[in-house]
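Peer 1: Once you've had a glance at the structure underneath, I'll fire off some questions.
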Amino acid sequence: MSIILHGVAIGGGIAIGRAHLISRSMDDVAHYLLDDDDVPAEKTRFDEAVKATRKELEMLWGSIPENAPAELGAFLSLHIMLLGDVTISREPREIIEKQHCNAEWALKLQCDHLVEQFDAIEEDYLRERKNDVLQVIERIFNNLDGDAPQLPAPEDLVEDHILIAHDLSPADMVYFKDSNFAAFITDVGGATSHTAILGRSLDLPSVIALHHARELIRQDEMIVIDGEQGVVIINPDALVLAEYRRRLRAWRGARRKLSSIRKSNAVTRDGSVIELLANIERPQDVEEVRESGVVGIGLFRSEFLFLGRDTLPTEDEQFEAYRHVATAMKGMPVTIRTMDLGADKSPKWLNHCQAENPALGLTGIRLCLAEPLMFRAQLRALLRASVHGRIRVLFPMLNSLPELRQAIAQFEYAKEELRDEGIGYADDVEVGAMIEIPSAALVAGSLAKHVDFLSIGTNDLIQYTLAIDRNDDTVSHLYDPIHPAVLKLILHTIKTGIKANLPVSVCGEMAGDARLTRLLLGMGLRKFSMHPANLLSVKQRVLTSHLDEIAPIAARMLRSEDPDKIADLLQLLNAEPGD
């Protein structure tokens, strides 16, 4: 009997193969008490497991393949850092001492405690980091258990194997570097989890957040993965299997063709030039971007310079990071979003009272304006770096014109300070407004009078418009990029930019979703900024599009409020000759 599961799609594409279950869980940990004399030895056993885990992670970090996604090294470094946290490396020892229990049980108790703490956090980003902590704890557990890792040897995994796991860590990904598995599916994970990010970077057609996949799937069962729709089919019948094999052949053929357009310009069939730009999070990501054929960086999420550290980065540290990116891009535009901290991205050193609903609290530009010295240090660093390339400054989470005016006032103040100190900066640094909440979209006309460009952050715009936490998988099915309300706000912003003769870009996930490329083109968008992994599929869609053919269908979509009709029109919009 076939079973169909629905989860969060990662990577796109199709995979067909035999299930390979990775069963690792602390649910069945034994609990036993120790005699007084045995406690010191048990604490030593725990310490040895932590040491072994550190050695294991460092060894994996040192063996990251050259062609691995840039995120892999960063995530492994994070896991090594987490391993040094007292809540993981020390507090289980105290539990052993106080309760005279075995190390596995102490680790499980501490794990349960940490999970409870994470689950009480409302911020998406921090809640997603729970999985990173769990992955590190599982590695310690496996080393305690003397059976680590319970993973297949890489050489045992072949192209038709699909990994079925509760979760997969970055270390697991390195472990599998020499294997050729077709896809993976996991019980847990959110859209911004490291598992999801790595899945997209590896371009594997995978599905996460399936909850009970390991309970429903047996070893070696036939599995179909639809990485576009987030569908997993267990034991497909002959007709379904034949259809997905046809789709798999088509998908593989399309991937081979994509590599041939890497150096092509993004021009529609009617000759319209479309700008494809990249999103980055770290200065070192710029190396990958330079190889991808983009015409600039549309979004540098500078807040990642502030996360994962114990202190605020200095102005000089920030300057070096921005200078590196600006220099590496050799005159191409580099749009740097000022720190979008707060809510789901709160560093340790940020001392603000916890709000009951942080996503609606002191975040983005609100936090910058509440911390003017910190904000101005970043603006000074950006201005200083502007003499090394073409830097543009983007203000996030704007709500109104007064907020924008305050941000620009701080920007001008930073210039004045530098002038007084005799420090140079470029005179033509452009500033932009990020449109990511409905109020900003609706007053885009007022904002446009004071900036040089607009950038639409669709991830948050969708979330705030539809009141959907996109990382909460109980409501993630309601997260809908083509909801009529969302499309109206995007269209209004694009039209506002066109009317004001201002460039408008989209830098959220919608920009990298090739299914929506023609819709956005039909709405008038000419600048797309996305993860580098999505560039070729979007470019291919641009190359096969004709704006005169797209516009009427897009206009019909925008006039409709019927979800079924909108879905049908989107399918028509993406139809190729011969479909």
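Here's how to read the names in the structure tokens: chain A, B, ... by the order shown, residue numbers from 1 in each chain, ligand numbers from 1 in the order shown.
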Which residues, written as a VMD selection string, have at least one atom at most 9 Å from Asn399 in chain A, with only C-alpha atoms counted and residues fewer than 6 positions away on the same chain left out?

Peer 2: chain A and resid 365 to 366 435 to 441 443

Peer 1: Write the selection just made, keeping all heavy atoms, as a PDB file, in the first residue's frame?

Peer 2:
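Final output, saved to again.pdb:
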```
ATOM      1  N   ILE A 365      15.235  48.052  12.127  1.00  0.00           N
ATOM      2  CA  ILE A 365      15.603  49.466  12.254  1.00  0.00           C
ATOM      3  C   ILE A 365      15.183  50.022  13.614  1.00  0.00           C
ATOM      4  O   ILE A 365      15.794  50.963  14.133  1.00  0.00           O
ATOM      5  CB  ILE A 365      14.965  50.280  11.103  1.00  0.00           C
ATOM      6  CG1 ILE A 365      15.686  51.621  10.942  1.00  0.00           C
ATOM      7  CG2 ILE A 365      13.486  50.500  11.341  1.00  0.00           C
ATOM      8  CD1 ILE A 365      17.105  51.506  10.463  1.00  0.00           C
ATOM      9  N   ARG A 366      14.164  49.434  14.219  1.00  0.00           N
ATOM     10  CA  ARG A 366      13.727  49.909  15.538  1.00  0.00           C
ATOM     11  C   ARG A 366      14.853  49.737  16.561  1.00  0.00           C
ATOM     12  O   ARG A 366      15.118  50.612  17.381  1.00  0.00           O
ATOM     13  CB  ARG A 366      12.494  49.129  15.999  1.00  0.00           C
ATOM     14  CG  ARG A 366      11.327  49.217  15.044  1.00  0.00           C
ATOM     15  CD  ARG A 366      10.225  48.243  15.435  1.00  0.00           C
ATOM     16  NE  ARG A 366       9.210  48.178  14.394  1.00  0.00           N
ATOM     17  CZ  ARG A 366       8.152  47.380  14.442  1.00  0.00           C
ATOM     18  NH1 ARG A 366       7.971  46.588  15.468  1.00  0.00           N
ATOM     19  NH2 ARG A 366       7.278  47.371  13.446  1.00  0.00           N
ATOM     20  N   ILE A 435      11.246  46.805   2.026  1.00  0.00           N
ATOM     21  CA  ILE A 435       9.800  46.684   2.157  1.00  0.00           C
ATOM     22  C   ILE A 435       9.496  45.252   2.579  1.00  0.00           C
ATOM     23  O   ILE A 435       9.533  44.324   1.766  1.00  0.00           O
ATOM     24  CB  ILE A 435       9.094  47.012   0.821  1.00  0.00           C
ATOM     25  CG1 ILE A 435       9.563  48.363   0.274  1.00  0.00           C
ATOM     26  CG2 ILE A 435       7.585  46.978   1.006  1.00  0.00           C
ATOM     27  CD1 ILE A 435       9.286  49.547   1.174  1.00  0.00           C
ATOM     28  N   GLU A 436       9.216  45.065   3.863  1.00  0.00           N
ATOM     29  CA  GLU A 436       8.992  43.697   4.336  1.00  0.00           C
ATOM     30  C   GLU A 436       7.846  43.586   5.332  1.00  0.00           C
ATOM     31  O   GLU A 436       7.635  42.516   5.908  1.00  0.00           O
ATOM     32  CB  GLU A 436      10.273  43.109   4.939  1.00  0.00           C
ATOM     33  CG  GLU A 436      10.939  43.974   5.971  1.00  0.00           C
ATOM     34  CD  GLU A 436      12.290  43.399   6.405  1.00  0.00           C
ATOM     35  OE1 GLU A 436      12.544  42.211   6.194  1.00  0.00           O
ATOM     36  OE2 GLU A 436      13.081  44.178   6.967  1.00  0.00           O
ATOM     37  N   ILE A 437       7.163  44.684   5.575  1.00  0.00           N
ATOM     38  CA  ILE A 437       5.925  44.609   6.352  1.00  0.00           C
ATOM     39  C   ILE A 437       4.850  45.394   5.594  1.00  0.00           C
ATOM     40  O   ILE A 437       5.161  46.322   4.838  1.00  0.00           O
ATOM     41  CB  ILE A 437       6.105  45.128   7.794  1.00  0.00           C
ATOM     42  CG1 ILE A 437       6.657  46.547   7.822  1.00  0.00           C
ATOM     43  CG2 ILE A 437       6.977  44.204   8.593  1.00  0.00           C
ATOM     44  CD1 ILE A 437       6.826  47.093   9.227  1.00  0.00           C
ATOM     45  N   PRO A 438       3.600  45.014   5.750  1.00  0.00           N
ATOM     46  CA  PRO A 438       2.540  45.622   4.915  1.00  0.00           C
ATOM     47  C   PRO A 438       2.499  47.143   5.004  1.00  0.00           C
ATOM     48  O   PRO A 438       2.272  47.807   3.997  1.00  0.00           O
ATOM     49  CB  PRO A 438       1.263  44.985   5.479  1.00  0.00           C
ATOM     50  CG  PRO A 438       1.699  43.672   6.023  1.00  0.00           C
ATOM     51  CD  PRO A 438       3.072  43.916   6.585  1.00  0.00           C
ATOM     52  N   SER A 439       2.726  47.708   6.189  1.00  0.00           N
ATOM     53  CA  SER A 439       2.643  49.171   6.310  1.00  0.00           C
ATOM     54  C   SER A 439       3.678  49.850   5.424  1.00  0.00           C
ATOM     55  O   SER A 439       3.401  50.888   4.815  1.00  0.00           O
ATOM     56  CB  SER A 439       2.827  49.593   7.768  1.00  0.00           C
ATOM     57  OG  SER A 439       4.081  49.158   8.249  1.00  0.00           O
ATOM     58  N   ALA A 440       4.874  49.270   5.345  1.00  0.00           N
ATOM     59  CA  ALA A 440       5.925  49.858   4.506  1.00  0.00           C
ATOM     60  C   ALA A 440       5.524  49.787   3.036  1.00  0.00           C
ATOM     61  O   ALA A 440       5.757  50.721   2.269  1.00  0.00           O
ATOM     62  CB  ALA A 440       7.241  49.131   4.735  1.00  0.00           C
ATOM     63  N   ALA A 441       4.920  48.666   2.640  1.00  0.00           N
ATOM     64  CA  ALA A 441       4.483  48.540   1.235  1.00  0.00           C
ATOM     65  C   ALA A 441       3.428  49.582   0.913  1.00  0.00           C
ATOM     66  O   ALA A 441       3.450  50.204  -0.156  1.00  0.00           O
ATOM     67  CB  ALA A 441       3.957  47.132   0.984  1.00  0.00           C
ATOM     68  N   VAL A 443       2.950  52.496   2.252  1.00  0.00           N
ATOM     69  CA  VAL A 443       3.455  53.888   2.218  1.00  0.00           C
ATOM     70  C   VAL A 443       4.752  53.964   1.412  1.00  0.00           C
ATOM     71  O   VAL A 443       5.558  54.881   1.599  1.00  0.00           O
ATOM     72  CB  VAL A 443       3.671  54.452   3.646  1.00  0.00           C
ATOM     73  CG1 VAL A 443       2.372  54.460   4.418  1.00  0.00           C
ATOM     74  CG2 VAL A 443       4.747  53.671   4.399  1.00  0.00           C
TER      75      VAL A 443
END
```

Peer 1: Check the DSSP output for the backbone and give back, as a ChimeraX atom specification, the residues of range 320-427 of chain A in strand (DSSP E).

Peer 2: /A:333-337,390-395

Peer 1: My list of candidates is A:Gly189, A:Pro396, A:Gly84, A:Pro552. Which is closest to Asp340 in chain A when distances are computed with only C-alpha atoms?

Peer 2: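 Using only C-alpha atoms, the shortest distance to Asp340 in chain A belongs to A:Pro396.
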
Peer 1: What is the CA of Ile4 in chain A to CA of Asn235 in chain A distance in Å?

Peer 2: 9.1 Å

Peer 1: Would you mind listing what lies within 7 Å of range 504-521 of chain A as number ranges by chain, with only C-alpha atoms counted and same-chain residues fewer than 2 positions away left out?

Peer 2: A: 298-299, 453-459, 494, 497, 502, 523-531, 534-535, 537-538, 541, 550, 554, 573-574

Peer 1: For CA of Ala209 in chain A and CA of Ala9 in chain A, determine how far apart the two atoms are, in Å to one decimal place.

Peer 2: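 Atom-to-atom, CA of Ala209 in chain A to CA of Ala9 in chain A, that is 9.1 Å.
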
Peer 1: So, counting only C-alpha atoms, which residue among A:Glu243, A:Asp460, A:Asp270, A:Glu403 is closest to Ala359 in chain A?

Peer 2: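 Closest residue, counting only C-alpha atoms: A:Asp460.
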